[in-house]
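Below is the file coords-v3.cif, which contains mmCIF, C-alpha atoms.
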```cif
data_data
loop_
_atom_site.label_atom_id
_atom_site.label_comp_id
_atom_site.auth_asym_id
_atom_site.auth_seq_id
_atom_site.Cartn_x
_atom_site.Cartn_y
_atom_site.Cartn_z
CA MET A 68 4.26 -10.76 18.94
CA ALA A 69 1.29 -12.10 20.88
CA GLY A 70 2.92 -11.14 24.16
CA SER A 71 3.59 -7.60 22.92
CA GLY A 72 0.01 -7.22 21.76
CA ILE A 73 -1.38 -8.50 25.06
CA LEU A 74 0.84 -6.21 27.15
CA TYR A 75 -0.07 -3.21 25.01
CA GLY A 76 -3.76 -4.03 25.30
CA TRP A 77 -3.42 -4.44 29.07
CA GLY A 78 -1.92 -0.94 29.22
CA LEU A 79 -4.84 0.48 27.24
CA VAL A 80 -7.33 -1.22 29.57
CA ARG A 81 -5.49 0.20 32.59
CA LEU A 82 -5.70 3.71 31.17
CA GLY A 83 -9.36 3.20 30.29
CA ASP A 84 -10.18 3.08 33.99
CA ARG A 85 -8.55 6.45 34.62
CA PRO A 86 -9.74 10.04 34.02
CA ALA A 87 -10.00 11.35 30.48
CA SER A 88 -6.90 13.47 31.04
CA ALA A 89 -4.86 10.25 31.18
CA SER A 90 -6.39 8.79 27.98
CA PHE A 91 -4.10 7.47 25.26
CA PRO A 92 -4.44 8.62 21.61
CA ARG A 93 -6.34 5.98 19.67
CA GLY A 94 -4.20 6.54 16.59
CA ARG A 95 -1.11 5.35 18.42
CA ALA A 96 -2.78 2.08 19.30
CA VAL A 97 -3.79 1.62 15.67
CA CYS A 98 -0.20 2.20 14.58
CA PHE A 99 1.21 -0.28 17.10
CA TYR A 100 -1.15 -3.10 16.19
CA SER A 101 -0.63 -2.35 12.49
CA GLY A 102 3.10 -2.73 13.10
CA LEU A 103 2.50 -6.11 14.74
CA LEU A 104 0.32 -7.14 11.79
CA VAL A 105 3.01 -6.19 9.26
CA THR A 106 5.58 -8.09 11.34
CA TYR A 107 3.30 -11.13 11.32
CA LEU A 108 2.84 -10.93 7.54
CA ALA A 109 6.59 -10.65 7.02
CA LEU A 110 7.48 -13.59 9.28
CA GLN A 111 4.50 -15.96 9.20
CA SER A 112 3.06 -15.65 5.70
CA PRO A 113 4.19 -17.12 2.35
CA ILE A 114 6.66 -14.21 2.23
CA HIS A 115 8.76 -16.07 4.77
CA THR A 116 8.48 -19.36 2.87
CA TYR A 117 9.60 -17.85 -0.43
CA SER A 118 12.33 -15.78 1.23
CA HIS A 119 14.39 -19.01 1.22
CA ARG A 120 13.83 -19.42 -2.51
CA LEU A 121 14.13 -15.90 -3.95
CA PHE A 122 16.46 -13.13 -2.84
CA SER A 123 13.95 -10.50 -4.00
CA VAL A 124 11.25 -11.92 -1.68
CA HIS A 125 13.80 -12.04 1.13
CA MET A 126 14.49 -8.37 0.49
CA VAL A 127 10.76 -7.58 0.64
CA GLN A 128 10.58 -9.36 3.99
CA HIS A 129 13.41 -7.30 5.45
CA LEU A 130 12.09 -4.05 4.02
CA LEU A 131 8.69 -4.73 5.60
CA LEU A 132 10.36 -5.21 8.97
CA MET A 133 12.68 -2.20 8.77
CA MET A 134 10.73 0.37 6.80
CA VAL A 135 7.07 -0.40 7.61
CA ALA A 136 6.70 -2.42 10.81
CA ALA A 137 9.41 -0.64 12.82
CA PRO A 138 8.13 2.96 12.31
CA LEU A 139 4.57 1.83 13.03
CA LEU A 140 5.67 0.22 16.29
CA VAL A 141 7.54 3.40 17.26
CA LEU A 142 4.49 5.53 16.40
CA GLY A 143 2.59 3.40 18.91
CA THR A 144 4.87 4.79 21.69
CA PRO A 145 4.74 1.65 23.89
CA ILE A 146 7.21 3.22 26.35
CA VAL A 147 4.90 6.17 26.93
CA LEU A 148 1.96 3.81 27.38
CA GLY A 149 3.93 1.72 29.86
CA LEU A 150 4.84 4.75 31.93
CA ARG A 151 1.25 5.99 32.02
CA ALA A 152 -0.37 2.62 32.70
CA SER A 153 2.06 1.25 35.32
CA SER A 154 1.60 1.75 39.03
CA PRO A 155 3.65 4.47 40.78
CA SER A 156 5.88 1.87 42.45
CA VAL A 157 6.65 0.01 39.22
CA ARG A 158 7.20 3.30 37.43
CA SER A 159 9.65 4.69 40.00
CA GLN A 160 11.45 1.46 40.90
CA VAL A 161 11.65 -0.31 37.54
CA LEU A 162 10.75 1.68 34.41
CA VAL A 163 12.28 5.07 35.21
CA PRO A 164 15.66 3.64 36.40
CA VAL A 165 15.87 1.54 33.22
CA LEU A 166 15.02 4.48 30.97
CA ARG A 167 17.58 6.67 32.77
CA SER A 168 20.33 4.06 32.67
CA ARG A 169 23.54 4.54 30.72
CA ALA A 170 22.62 1.73 28.34
CA ALA A 171 19.30 3.37 27.47
CA ALA A 172 20.99 6.76 27.00
CA LEU A 173 23.56 5.16 24.68
CA LEU A 174 20.99 3.32 22.58
CA SER A 175 18.78 6.40 22.28
CA ASN A 176 21.66 8.55 21.06
CA PRO A 177 20.90 9.45 17.40
CA VAL A 178 24.51 8.84 16.33
CA VAL A 179 24.43 5.36 17.84
CA SER A 180 20.99 4.51 16.44
CA TRP A 181 21.90 5.73 12.94
CA SER A 182 25.22 3.87 13.03
CA ALA A 183 23.62 0.66 14.32
CA PHE A 184 21.05 0.71 11.51
CA THR A 185 23.75 1.26 8.89
CA VAL A 186 26.09 -1.39 10.27
CA VAL A 187 23.28 -3.97 10.44
CA LEU A 188 22.35 -3.27 6.82
CA TRP A 189 25.84 -3.50 5.34
CA ALA A 190 27.28 -6.19 7.61
CA SER A 191 24.35 -8.55 7.15
CA HIS A 192 24.55 -8.38 3.36
CA PHE A 193 28.33 -8.55 2.97
CA THR A 194 29.29 -11.10 5.62
CA ASN A 195 28.45 -14.78 6.01
CA LEU A 196 25.40 -13.92 8.12
CA TYR A 197 23.01 -13.67 5.17
CA GLU A 198 24.06 -17.00 3.62
CA ASP A 199 24.13 -18.75 7.00
CA ALA A 200 20.62 -17.48 7.78
CA LEU A 201 19.31 -19.22 4.67
CA GLY A 202 20.43 -22.58 6.02
CA SER A 203 19.43 -22.13 9.67
CA GLU A 204 16.11 -20.97 11.09
CA ALA A 205 17.83 -19.98 14.35
CA ILE A 206 20.30 -17.70 12.55
CA HIS A 207 17.48 -16.42 10.35
CA GLY A 208 15.49 -15.49 13.45
CA PHE A 209 18.54 -13.78 14.94
CA GLU A 210 18.92 -11.83 11.71
CA HIS A 211 15.32 -10.65 11.97
CA VAL A 212 15.88 -9.54 15.57
CA LEU A 213 18.87 -7.48 14.41
CA TYR A 214 16.87 -5.86 11.61
CA LEU A 215 13.83 -5.02 13.72
CA THR A 216 15.87 -3.80 16.71
CA GLY A 217 18.18 -1.69 14.56
CA ALA A 218 15.20 -0.22 12.70
CA VAL A 219 13.28 0.61 15.91
CA LEU A 220 16.36 2.42 17.26
CA PHE A 221 16.72 4.22 13.92
CA TRP A 222 13.11 5.45 13.75
CA ARG A 223 12.77 6.68 17.36
CA PRO A 224 14.65 9.99 16.77
CA VAL A 225 12.70 10.52 13.53
CA ILE A 226 9.25 10.02 15.08
CA GLY A 227 10.18 12.15 18.09
CA LEU A 228 7.13 11.32 20.21
CA GLU A 229 9.17 10.28 23.24
CA THR A 230 11.04 12.87 25.25
CA GLY A 231 14.65 12.32 26.25
CA PRO A 232 18.09 13.91 26.40
CA SER A 233 18.95 12.72 22.89
CA ARG A 234 15.82 14.00 21.17
CA LEU A 235 16.59 15.64 17.82
CA SER A 236 15.32 19.01 16.64
CA HIS A 237 13.31 19.06 13.42
CA PRO A 238 16.27 20.22 11.28
CA GLY A 239 18.33 17.48 12.92
CA ARG A 240 15.72 14.87 11.99
CA ILE A 241 15.75 16.01 8.37
CA LEU A 242 19.55 15.76 8.23
CA TYR A 243 19.33 12.36 9.95
CA LEU A 244 17.03 11.04 7.20
CA PHE A 245 19.02 12.63 4.37
CA LEU A 246 22.16 10.88 5.62
CA ALA A 247 20.31 7.55 5.73
CA MET A 248 19.07 7.74 2.14
CA PRO A 249 22.48 7.26 0.46
CA GLN A 250 23.27 4.29 2.69
CA MET A 251 20.25 2.33 1.47
CA ALA A 252 20.63 3.56 -2.09
CA PHE A 253 24.33 2.63 -2.29
CA LEU A 254 23.66 -0.78 -0.75
CA GLY A 255 20.94 -1.46 -3.31
CA LEU A 256 23.22 -0.24 -6.09
CA ALA A 257 26.05 -2.49 -4.87
CA ILE A 258 23.72 -5.51 -4.91
CA TYR A 259 22.27 -4.58 -8.31
CA SER A 260 25.60 -3.90 -10.01
CA SER A 261 27.28 -7.11 -8.83
CA ASP A 262 27.92 -9.52 -11.71
CA THR A 263 28.46 -12.47 -9.39
CA VAL A 264 25.83 -14.24 -7.28
CA LEU A 265 26.34 -13.03 -3.73
CA TYR A 266 24.44 -15.88 -2.08
CA PRO A 267 24.95 -19.33 -3.68
CA HIS A 268 21.91 -20.70 -1.84
CA TYR A 269 19.67 -19.08 -4.46
CA LEU A 270 21.38 -20.74 -7.46
CA ILE A 271 19.19 -23.84 -7.28
CA SER A 272 16.04 -22.45 -5.66
CA SER A 273 15.65 -19.57 -8.12
CA ALA A 274 16.18 -21.87 -11.11
CA ALA A 275 13.41 -24.11 -9.81
CA LEU A 276 11.06 -21.11 -9.99
CA GLY A 277 11.97 -20.25 -13.58
CA THR A 278 14.46 -17.43 -13.08
CA THR A 279 18.18 -17.02 -12.51
CA ALA A 280 19.89 -16.13 -9.27
CA LEU A 281 21.58 -13.14 -10.88
CA ALA A 282 18.34 -11.70 -12.29
CA ASP A 283 16.66 -12.22 -8.92
CA GLN A 284 19.61 -10.51 -7.22
CA HIS A 285 19.33 -7.52 -9.55
CA LEU A 286 15.63 -7.23 -8.70
CA ALA A 287 16.46 -7.32 -4.98
CA GLY A 288 18.99 -4.52 -5.48
CA VAL A 289 16.41 -2.42 -7.32
CA LEU A 290 13.93 -2.96 -4.48
CA MET A 291 16.45 -1.76 -1.91
CA TRP A 292 17.49 1.17 -4.09
CA THR A 293 13.99 2.47 -4.82
CA THR A 294 12.74 1.89 -1.29
CA SER A 295 15.29 4.36 0.06
CA MET A 296 13.36 7.04 -1.83
CA VAL A 297 9.79 5.76 -1.81
CA LEU A 298 9.58 5.09 1.94
CA LEU A 299 11.98 7.68 3.34
CA LEU A 300 10.37 10.60 1.49
CA PRO A 301 7.07 10.20 3.40
CA ALA A 302 9.15 10.18 6.58
CA LEU A 303 10.59 13.54 5.56
CA GLY A 304 7.05 14.77 4.93
CA TYR A 305 6.04 13.61 8.40
CA VAL A 306 8.92 15.57 9.98
CA LEU A 307 8.09 18.72 7.98
CA PHE A 308 4.39 18.44 8.88
CA ASP A 309 5.25 17.96 12.55
CA TRP A 310 7.62 20.95 12.37
CA MET A 311 4.85 23.20 11.04
CA HIS A 312 2.51 22.08 13.82
CA TYR A 313 5.23 22.69 16.39
CA ASP A 314 5.80 26.23 15.10
CA ALA A 315 2.05 26.88 15.15
CA ARG A 316 1.80 25.69 18.76
CA GLU A 317 4.77 27.82 19.78
CA ALA A 318 3.28 30.86 18.06
CA ALA A 319 -0.02 30.29 19.88
CA ARG A 320 1.82 30.07 23.22
CA ILE A 321 3.69 33.30 22.55
CA ASP A 322 0.48 35.08 21.59
CA GLU A 323 -1.18 33.81 24.78
CA ARG A 324 1.70 35.06 26.92
CA LEU A 325 1.66 38.47 25.25
CA GLU A 326 -2.10 38.72 25.74
CA ARG A 327 -1.77 37.87 29.44
CA ALA A 328 1.01 40.44 29.84
CA SER A 329 -1.08 43.14 28.19
CA LEU A 330 -4.07 42.30 30.42
CA ARG A 331 -1.89 42.63 33.54
CA GLN A 332 -0.63 46.03 32.44
CA THR A 333 -4.14 47.28 31.89
#
```

Target encoding structure tokens, full file:
Amino acid sequence: MAGSGILYGWGLVRLGDRPASASFPRGRAVCFYSGLLVTYLALQSPIHTYSHRLFSVHMVQHLLLMMVAAPLLVLGTPIVLGLRASSPSVRSQVLVPVLRSRAAALLSNPVVSWSAFTVVLWASHFTNLYEDALGSEAIHGFEHVLYLTGAVLFWRPVIGLETGPSRLSHPGRILYLFLAMPQMAFLGLAIYSSDTVLYPHYLISSAALGTTALADQHLAGVLMWTTSMVLLLPALGYVLFDWMHYDAREAARIDERLERASLRQT
């Protein structure tokens, strides 16, 4: 996290020495560093400590990574900053070839990013990965990498601030989000409706905190279920707002072209 923050700041300093036309929107920098802050709170605060003791806190940790930190990091558009701040040689010899590679094209494909996010969600909760992560910090860290990477890939087509061959139209983004909502809702419902404790690790730790593992599991399911609506609805609002601004810009461009054409005729 420190390395990411330093590299991002270095890019901002590089652009600060260039003409105003090459300036970077301040709001994007705020979003990126806010995403790093949320990531820090999820992984280095008491949330992480109690994630080993309560499933509901563990769910909060993962939701912070996937639904708050990841979209904020994407809104920061670090790839765009890197392209603008790097030297022409680094841009042409390193960054552009990587961004135009087959691997980058595959990962940026909306079908792949949506599928990766869904697979990570379901597979992590209904395989041994979740239970194993509770007994190993290395596996737990790997789990967090999967969540954050899958979420960043998921949010890139929704935010739509980076150009590319796989960029979605605004109706496509809305459909993309609508298809994601049931996945999170059904996963939360599956966790909530289970009458057996899915992760035995919490049997002892939850009892030590005055609750039962099953009640804690039901709370975690409710958190996942409601989050699919509470946090994805603002994302839909963002897409609709961006769509309206896009239509307004297109209308202004058409009016400008018509005005120029009429001036030439006269």

>> Evaluated on this file, the PyMOL selection byres ((chain A and resi 291) around 8) picks out some residues - which ones are they, written as a ChimeraX atom specification?
In response: /A:126,130,251-252,254-255,287-290,292-295

>> List the spatial neighbours of range 246-249 of chain A as number ranges by chain - criterion: any atom at most 8 Å away, all atoms listed in the file, same-chain residues fewer than 3 positions off excluded.
In response: A: 181, 185, 242-243, 252-253, 295-296, 299

Generate a file of the selected residues that holds C-alpha atoms, formatted as an mmCIF file, in the frame of the given file.
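Wrote part37.cif, looks like this:
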```cif
data_model
loop_
_atom_site.group_PDB
_atom_site.id
_atom_site.type_symbol
_atom_site.label_atom_id
_atom_site.label_comp_id
_atom_site.auth_asym_id
_atom_site.auth_seq_id
_atom_site.Cartn_x
_atom_site.Cartn_y
_atom_site.Cartn_z
ATOM 1 C CA TRP A 181 21.900 5.730 12.940
ATOM 2 C CA THR A 185 23.750 1.260 8.890
ATOM 3 C CA LEU A 242 19.550 15.760 8.230
ATOM 4 C CA TYR A 243 19.330 12.360 9.950
ATOM 5 C CA ALA A 252 20.630 3.560 -2.090
ATOM 6 C CA PHE A 253 24.330 2.630 -2.290
ATOM 7 C CA SER A 295 15.290 4.360 0.060
ATOM 8 C CA MET A 296 13.360 7.040 -1.830
ATOM 9 C CA LEU A 299 11.980 7.680 3.340
#
```

>> If we count all atoms listed in the file and set the cut-off at 9 Å, which residues sit around Val127 in chain A, ignoring sequence neighbours fewer than 4 positions away in its own chain? Please answer as a list in words.
In response: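 Near neighbours after the sequence-gap exclusion: Ala109, Ile114, Ser118, Phe122, Ser123, Leu131, Leu132, Ala287, Leu290 and Met291 of chain A.
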
Output C-alpha atoms of each residue in that selection to a file, as a compact mmCIF listing (two decimals), keeping the file's coordinate frame.
```txt
# COMPACT_ATOMS: atom_id res chain seq x y z
CA ALA A 109 6.59 -10.65 7.02
CA ILE A 114 6.66 -14.21 2.23
CA SER A 118 12.33 -15.78 1.23
CA PHE A 122 16.46 -13.13 -2.84
CA SER A 123 13.95 -10.50 -4.00
CA LEU A 131 8.69 -4.73 5.60
CA LEU A 132 10.36 -5.21 8.97
CA ALA A 287 16.46 -7.32 -4.98
CA LEU A 290 13.93 -2.96 -4.48
CA MET A 291 16.45 -1.76 -1.91
```

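Counting all atoms listed in the file and comparing A:Asn195, A:Ser236, A:Ser175, A:Ser273, the residue that lies closest to Thr216 in chain A is A:Ser175.
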
> From the set A:His237, A:His192, A:His119, A:Arg93, which residue has the shortest atom-to-atom contact distance to Ile271 in chain A, counting all atoms listed in the file?
Replying inline: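 Closest to Ile271 in chain A of all the choices is A:His119.
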
>> Translate the PyMOL selection byres ((chain A and resi 149) around 10) into a concrete residue list for this structure, as a list in words.
In response: Leu74, Tyr75, Trp77, Gly78, Leu79, Arg81, Leu82, Thr144, Pro145, Ile146, Val147, Leu148, Leu150, Arg151, Ala152, Ser153, Ser154, Val157, Arg158 and Leu162 of chain A

>> Report, in Å with one decimal, the straight-line distance from CA of Glu198 in chain A to CA of Ser261 in chain A.
In response: 16.2 Å

>> What's around Pro113 in chain A at 12 Å? Count only C-alpha atoms, leave out sequence neighbours fewer than 5 positions away in its own chain, and write the answer as a list in words.
In response: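 In the requested form, the answer reads Tyr107, Leu108, Ser118, His119, Arg120, Leu121, Val124, His125, Val127 and Gln128 of chain A.
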